[in-house]
Amino acid sequence: MLEVEGIHTFYGLSHILFGVSLRVEPGKVVCLLGRNGAGKTTTMKSIMGLTPPKRGNIRFKDEEITGKQPYVLARKGIGYVPDDRRIFADLTVGENLEIAARKARGTEGWDMERIYELFPALKNIESRKGGCLSGGEQKMLAIARALMGNPELLLLDEPTEGLAPTMVHALEDQIRKLRQAGLTVLLAEQNVRSALRLSDHGYIIDNGQIRYQGSVGELEENEEVRRKYLLV
């Protein structure tokens, strides 16, 4: 569904990503692991067209999408949940969801009713403004808002960052339900344990380069790689 091939991304004159390549197969959850500042968020922004790569290629469902505008990619079926959530603080939970609604191509899409089944906590605070939500509630709302666009691929950047352990487990359950619903997910995370519990395949990025890739089982067994690239 997604193929990133040899991308090089810059912020101004600063070279951030060096030949990053990864693949995400349909219906799978793939994690991109790395320390803070390793290049995870830049990879996500490069895919979503927010910081287009200067070299390399990105394909979505075999279509070249390198450098296309984010709104174009959203219409093509890519949802993006940034690490800073970007909730509309002056809009209610319901309004945040309504503003992102986009009709599904198939018969069974995401609407308000289905969103509230997945996130029942949001239904209870439907009339509360986004700026009055807790960090965990904002995280749920950010994911729910992305789903209202009915994506086929969901990019999740640091979904568990700053959440209490109970909220992390609740969020993991919801991501599993998304996978069961057939959604494909690329997950950028520092929380290695959480990411490995959710994923089929993993990549490790460090200093803007992919250093290791393998199945979740291989990642769990390779303590040397985890210690070298993931321990703070």
# chains A, B, ... in the order shown; residues from 1 in each chain; ligands from 1
call {"tool": "select_by_dssp", "arguments": {"residues": "range 21-136 of chain A", "states": "strand (DSSP E or B)", "output": "MDAnalysis selection string"}}
result
chainID A and resid 21:24 29:33 55:60 63:64 78:81 92 129
call {"tool": "write_last_selection", "arguments": {"atoms": "C-alpha atoms", "output": "mmCIF file, in the first residue's frame"}}
result
data_model
loop_
_atom_site.group_PDB
_atom_site.id
_atom_site.type_symbol
_atom_site.label_atom_id
_atom_site.label_comp_id
_atom_site.auth_asym_id
_atom_site.auth_seq_id
_atom_site.Cartn_x
_atom_site.Cartn_y
_atom_site.Cartn_z
ATOM 1 C CA SER A 21 13.171 3.267 2.579
ATOM 2 C CA LEU A 22 10.245 1.319 4.013
ATOM 3 C CA ARG A 23 7.160 -0.625 2.932
ATOM 4 C CA VAL A 24 3.710 -1.043 4.447
ATOM 5 C CA VAL A 29 0.511 -2.363 11.259
ATOM 6 C CA VAL A 30 4.135 -1.321 10.733
ATOM 7 C CA CYS A 31 6.099 0.564 13.389
ATOM 8 C CA LEU A 32 8.909 3.059 12.892
ATOM 9 C CA LEU A 33 10.966 3.055 16.085
ATOM 10 C CA ARG A 55 15.348 13.003 -3.609
ATOM 11 C CA GLY A 56 13.686 9.604 -3.619
ATOM 12 C CA ASN A 57 10.194 8.319 -4.325
ATOM 13 C CA ILE A 58 6.987 7.701 -2.384
ATOM 14 C CA ARG A 59 4.214 5.515 -3.809
ATOM 15 C CA PHE A 60 0.722 4.917 -2.448
ATOM 16 C CA GLU A 63 0.807 5.687 -7.611
ATOM 17 C CA GLU A 64 3.666 8.173 -7.375
ATOM 18 C CA ILE A 78 -4.115 8.834 3.636
ATOM 19 C CA GLY A 79 -4.978 9.984 7.170
ATOM 20 C CA TYR A 80 -2.404 11.720 9.371
ATOM 21 C CA VAL A 81 -2.368 12.167 13.146
ATOM 22 C CA THR A 92 -16.473 21.102 20.291
ATOM 23 C CA LYS A 129 -14.518 22.262 23.424
#
call {"tool": "residues_around", "arguments": {"residues": "range 115-127 of chain A", "least_positions_apart": "3", "cutoff": "8 Å", "atoms": "only C-alpha atoms", "output": "list in words"}}
result
Thr92, Val93, Gly94, Trp110, Asp111, Met112, Glu137, Met140, Leu141, Ala144, Leu147, Met148, Gln174 and Lys177 of chain A
call {"tool": "write_last_selection", "arguments": {"atoms": "C-alpha atoms", "output": "short mmCIF file (atom, residue, chain, number, x, y, z; two decimals), in the first residue's frame"}}
result
data_model
loop_
_atom_site.label_atom_id
_atom_site.label_comp_id
_atom_site.auth_asym_id
_atom_site.auth_seq_id
_atom_site.Cartn_x
_atom_site.Cartn_y
_atom_site.Cartn_z
CA THR A 92 -16.47 21.10 20.29
CA VAL A 93 -15.60 17.42 19.96
CA GLY A 94 -18.57 16.94 17.63
CA TRP A 110 -16.52 5.91 9.27
CA ASP A 111 -19.29 8.19 10.49
CA MET A 112 -20.13 9.76 13.87
CA GLU A 137 -8.93 12.82 25.14
CA MET A 140 -8.45 10.04 20.87
CA LEU A 141 -10.12 12.98 19.13
CA ALA A 144 -11.16 9.94 15.44
CA LEU A 147 -10.88 8.42 10.64
CA MET A 148 -13.75 10.72 9.68
CA GLN A 174 -8.54 0.95 19.78
CA LYS A 177 -9.84 -2.61 16.48
#
call {"tool": "closest_residue", "arguments": {"among": "A:Asp62, A:Glu98, A:Glu221, A:Glu3", "to": "Gly149 in chain A", "atoms": "only C-alpha atoms"}}
result
A:Glu98
call {"tool": "select_by_dssp", "arguments": {"residues": "range 89-215 of chain A", "states": "alpha helix (DSSP H)", "output": "mmCIF file with N, CA and C atoms, in the first residue's frame"}}
result
data_model
loop_
_atom_site.group_PDB
_atom_site.id
_atom_site.type_symbol
_atom_site.label_atom_id
_atom_site.label_comp_id
_atom_site.auth_asym_id
_atom_site.auth_seq_id
_atom_site.Cartn_x
_atom_site.Cartn_y
_atom_site.Cartn_z
ATOM 1 N N VAL A 93 -16.010 18.735 20.465
ATOM 2 C CA VAL A 93 -15.605 17.417 19.963
ATOM 3 C C VAL A 93 -16.394 17.071 18.708
ATOM 4 N N GLY A 94 -17.723 17.250 18.777
ATOM 5 C CA GLY A 94 -18.572 16.937 17.628
ATOM 6 C C GLY A 94 -18.225 17.768 16.406
ATOM 7 N N GLU A 95 -17.936 19.060 16.619
ATOM 8 C CA GLU A 95 -17.594 19.942 15.498
ATOM 9 C C GLU A 95 -16.237 19.577 14.901
ATOM 10 N N ASN A 96 -15.277 19.195 15.750
ATOM 11 C CA ASN A 96 -13.973 18.735 15.255
ATOM 12 C C ASN A 96 -14.143 17.540 14.326
ATOM 13 N N LEU A 97 -15.084 16.656 14.670
ATOM 14 C CA LEU A 97 -15.321 15.473 13.838
ATOM 15 C C LEU A 97 -16.072 15.829 12.560
ATOM 16 N N GLU A 98 -17.092 16.667 12.686
ATOM 17 C CA GLU A 98 -17.914 17.027 11.525
ATOM 18 C C GLU A 98 -17.090 17.727 10.447
ATOM 19 N N MET A 112 -20.114 9.413 12.444
ATOM 20 C CA MET A 112 -20.135 9.763 13.868
ATOM 21 C C MET A 112 -20.536 8.563 14.736
ATOM 22 N N GLU A 113 -21.534 7.821 14.261
ATOM 23 C CA GLU A 113 -22.026 6.684 15.046
ATOM 24 C C GLU A 113 -20.924 5.641 15.234
ATOM 25 N N ARG A 114 -20.232 5.326 14.169
ATOM 26 C CA ARG A 114 -19.179 4.309 14.249
ATOM 27 C C ARG A 114 -17.981 4.815 15.061
ATOM 28 N N ILE A 115 -17.685 6.116 14.942
ATOM 29 C CA ILE A 115 -16.601 6.709 15.726
ATOM 30 C C ILE A 115 -16.894 6.581 17.222
ATOM 31 N N TYR A 116 -18.144 6.867 17.601
ATOM 32 C CA TYR A 116 -18.499 6.821 19.023
ATOM 33 C C TYR A 116 -18.557 5.385 19.558
ATOM 34 N N GLU A 117 -18.752 4.416 18.660
ATOM 35 C CA GLU A 117 -18.646 3.009 19.072
ATOM 36 C C GLU A 117 -17.203 2.667 19.412
ATOM 37 N N LEU A 118 -16.273 3.205 18.604
ATOM 38 C CA LEU A 118 -14.848 2.941 18.839
ATOM 39 C C LEU A 118 -14.328 3.738 20.034
ATOM 40 N N PRO A 120 -16.117 5.446 22.875
ATOM 41 C CA PRO A 120 -17.315 5.841 23.639
ATOM 42 C C PRO A 120 -17.064 7.029 24.562
ATOM 43 N N ALA A 121 -15.812 7.202 25.010
ATOM 44 C CA ALA A 121 -15.503 8.336 25.897
ATOM 45 C C ALA A 121 -15.757 9.666 25.193
ATOM 46 N N LEU A 122 -15.578 9.706 23.872
ATOM 47 C CA LEU A 122 -15.790 10.953 23.135
ATOM 48 C C LEU A 122 -17.267 11.321 23.061
ATOM 49 N N LYS A 123 -18.128 10.308 23.020
ATOM 50 C CA LYS A 123 -19.569 10.591 22.950
ATOM 51 C C LYS A 123 -20.031 11.323 24.203
ATOM 52 N N ASN A 124 -19.428 10.964 25.342
ATOM 53 C CA ASN A 124 -19.824 11.583 26.613
ATOM 54 C C ASN A 124 -19.390 13.039 26.715
ATOM 55 N N GLY A 135 -5.000 15.420 27.700
ATOM 56 C CA GLY A 135 -4.101 14.945 26.646
ATOM 57 C C GLY A 135 -4.597 13.663 26.008
ATOM 58 N N GLY A 136 -5.083 12.733 26.836
ATOM 59 C CA GLY A 136 -5.591 11.462 26.315
ATOM 60 C C GLY A 136 -6.828 11.646 25.467
ATOM 61 N N GLU A 137 -7.717 12.536 25.910
ATOM 62 C CA GLU A 137 -8.934 12.818 25.141
ATOM 63 C C GLU A 137 -8.604 13.479 23.815
ATOM 64 N N GLN A 138 -7.634 14.393 23.835
ATOM 65 C CA GLN A 138 -7.216 15.039 22.584
ATOM 66 C C GLN A 138 -6.614 14.033 21.610
ATOM 67 N N LYS A 139 -5.855 13.081 22.162
ATOM 68 C CA LYS A 139 -5.246 12.055 21.306
ATOM 69 C C LYS A 139 -6.336 11.207 20.632
ATOM 70 N N MET A 140 -7.339 10.808 21.428
ATOM 71 C CA MET A 140 -8.453 10.038 20.869
ATOM 72 C C MET A 140 -9.183 10.839 19.797
ATOM 73 N N LEU A 141 -9.417 12.121 20.088
ATOM 74 C CA LEU A 141 -10.123 12.977 19.133
ATOM 75 C C LEU A 141 -9.320 13.150 17.847
ATOM 76 N N ALA A 142 -8.011 13.283 17.963
ATOM 77 C CA ALA A 142 -7.167 13.443 16.773
ATOM 78 C C ALA A 142 -7.259 12.208 15.876
ATOM 79 N N ILE A 143 -7.242 11.025 16.476
ATOM 80 C CA ILE A 143 -7.368 9.788 15.689
ATOM 81 C C ILE A 143 -8.767 9.683 15.093
ATOM 82 N N ALA A 144 -9.773 9.998 15.912
ATOM 83 C CA ALA A 144 -11.163 9.936 15.439
ATOM 84 C C ALA A 144 -11.383 10.898 14.278
ATOM 85 N N ARG A 145 -10.812 12.096 14.390
ATOM 86 C CA ARG A 145 -10.969 13.088 13.318
ATOM 87 C C ARG A 145 -10.325 12.595 12.019
ATOM 88 N N ALA A 146 -9.157 11.955 12.128
ATOM 89 C CA ALA A 146 -8.507 11.397 10.937
ATOM 90 C C ALA A 146 -9.376 10.301 10.309
ATOM 91 N N LEU A 147 -10.026 9.495 11.147
ATOM 92 C CA LEU A 147 -10.878 8.419 10.640
ATOM 93 C C LEU A 147 -12.106 8.960 9.914
ATOM 94 N N PRO A 165 -0.240 5.135 31.739
ATOM 95 C CA PRO A 165 -0.266 3.725 31.309
ATOM 96 C C PRO A 165 -1.662 3.192 31.001
ATOM 97 N N THR A 166 -2.662 3.578 31.795
ATOM 98 C CA THR A 166 -4.020 3.085 31.525
ATOM 99 C C THR A 166 -4.537 3.594 30.180
ATOM 100 N N MET A 167 -4.201 4.857 29.849
ATOM 101 C CA MET A 167 -4.615 5.423 28.566
ATOM 102 C C MET A 167 -3.868 4.762 27.408
ATOM 103 N N VAL A 168 -2.602 4.408 27.645
ATOM 104 C CA VAL A 168 -1.817 3.724 26.608
ATOM 105 C C VAL A 168 -2.485 2.407 26.241
ATOM 106 N N HIS A 169 -2.881 1.634 27.253
ATOM 107 C CA HIS A 169 -3.521 0.337 26.991
ATOM 108 C C HIS A 169 -4.866 0.515 26.300
ATOM 109 N N ALA A 170 -5.610 1.555 26.683
ATOM 110 C CA ALA A 170 -6.900 1.827 26.035
ATOM 111 C C ALA A 170 -6.697 2.177 24.559
ATOM 112 N N LEU A 171 -5.658 2.976 24.297
ATOM 113 C CA LEU A 171 -5.369 3.373 22.921
ATOM 114 C C LEU A 171 -4.912 2.174 22.091
ATOM 115 N N GLU A 172 -4.131 1.303 22.697
ATOM 116 C CA GLU A 172 -3.696 0.086 22.006
ATOM 117 C C GLU A 172 -4.908 -0.746 21.578
ATOM 118 N N ASP A 173 -5.888 -0.871 22.479
ATOM 119 C CA ASP A 173 -7.099 -1.635 22.143
ATOM 120 C C ASP A 173 -7.803 -1.036 20.932
ATOM 121 N N GLN A 174 -7.857 0.293 20.887
ATOM 122 C CA GLN A 174 -8.538 0.950 19.777
ATOM 123 C C GLN A 174 -7.769 0.784 18.463
ATOM 124 N N ILE A 175 -6.438 0.820 18.540
ATOM 125 C CA ILE A 175 -5.635 0.609 17.325
ATOM 126 C C ILE A 175 -5.806 -0.824 16.819
ATOM 127 N N ARG A 176 -5.916 -1.790 17.746
ATOM 128 C CA ARG A 176 -6.172 -3.181 17.340
ATOM 129 C C ARG A 176 -7.511 -3.298 16.620
ATOM 130 N N LYS A 177 -8.515 -2.568 17.124
ATOM 131 C CA LYS A 177 -9.836 -2.605 16.481
ATOM 132 C C LYS A 177 -9.773 -2.010 15.075
ATOM 133 N N LEU A 178 -8.946 -0.972 14.891
ATOM 134 C CA LEU A 178 -8.777 -0.388 13.561
ATOM 135 C C LEU A 178 -8.166 -1.411 12.606
ATOM 136 N N ARG A 179 -7.206 -2.150 13.126
ATOM 137 C CA ARG A 179 -6.569 -3.186 12.306
ATOM 138 C C ARG A 179 -7.582 -4.267 11.927
ATOM 139 N N GLN A 180 -8.413 -4.656 12.896
ATOM 140 C CA GLN A 180 -9.443 -5.661 12.624
ATOM 141 C C GLN A 180 -10.448 -5.157 11.592
ATOM 142 N N VAL A 192 8.648 1.469 22.755
ATOM 143 C CA VAL A 192 8.964 0.238 22.027
ATOM 144 C C VAL A 192 8.005 -0.889 22.387
ATOM 145 N N ARG A 193 7.755 -1.078 23.683
ATOM 146 C CA ARG A 193 6.878 -2.181 24.103
ATOM 147 C C ARG A 193 5.496 -2.064 23.507
ATOM 148 N N SER A 194 4.938 -0.874 23.575
ATOM 149 C CA SER A 194 3.597 -0.647 23.021
ATOM 150 C C SER A 194 3.586 -0.906 21.519
ATOM 151 N N ALA A 195 4.568 -0.366 20.812
ATOM 152 C CA ALA A 195 4.625 -0.516 19.351
ATOM 153 C C ALA A 195 4.752 -1.976 18.935
ATOM 154 N N LEU A 196 5.583 -2.720 19.642
ATOM 155 C CA LEU A 196 5.782 -4.124 19.293
ATOM 156 C C LEU A 196 4.544 -4.965 19.585
ATOM 157 N N ARG A 197 3.771 -4.572 20.600
ATOM 158 C CA ARG A 197 2.527 -5.291 20.885
ATOM 159 C C ARG A 197 1.509 -5.133 19.757
ATOM 160 N N LEU A 198 1.600 -4.032 19.029
ATOM 161 C CA LEU A 198 0.594 -3.712 18.017
ATOM 162 C C LEU A 198 0.999 -4.114 16.599
#
call {"tool": "residues_around", "arguments": {"residues": "range 5-20 of chain A", "least_positions_apart": "5", "cutoff": "12 Å", "atoms": "only C-alpha atoms", "output": "PyMOL selection string"}}
result
chain A and resi 32+37-47+49-60+64-67+203-213
call {"tool": "atom_distance", "arguments": {"atom1": "CA of Arg102 in chain A", "atom2": "CA of Ala181 in chain A"}}
result
17.7 Å
call {"tool": "closest_residue", "arguments": {"among": "A:Arg227, A:Ser134, A:His201, A:Met48", "to": "Val72 in chain A", "atoms": "only C-alpha atoms"}}
result
A:Met48
call {"tool": "closest_residue", "arguments": {"among": "A:Leu230, A:Ala100, A:Leu183, A:Leu156", "to": "Asp84 in chain A", "atoms": "only C-alpha atoms"}}
result
A:Leu156
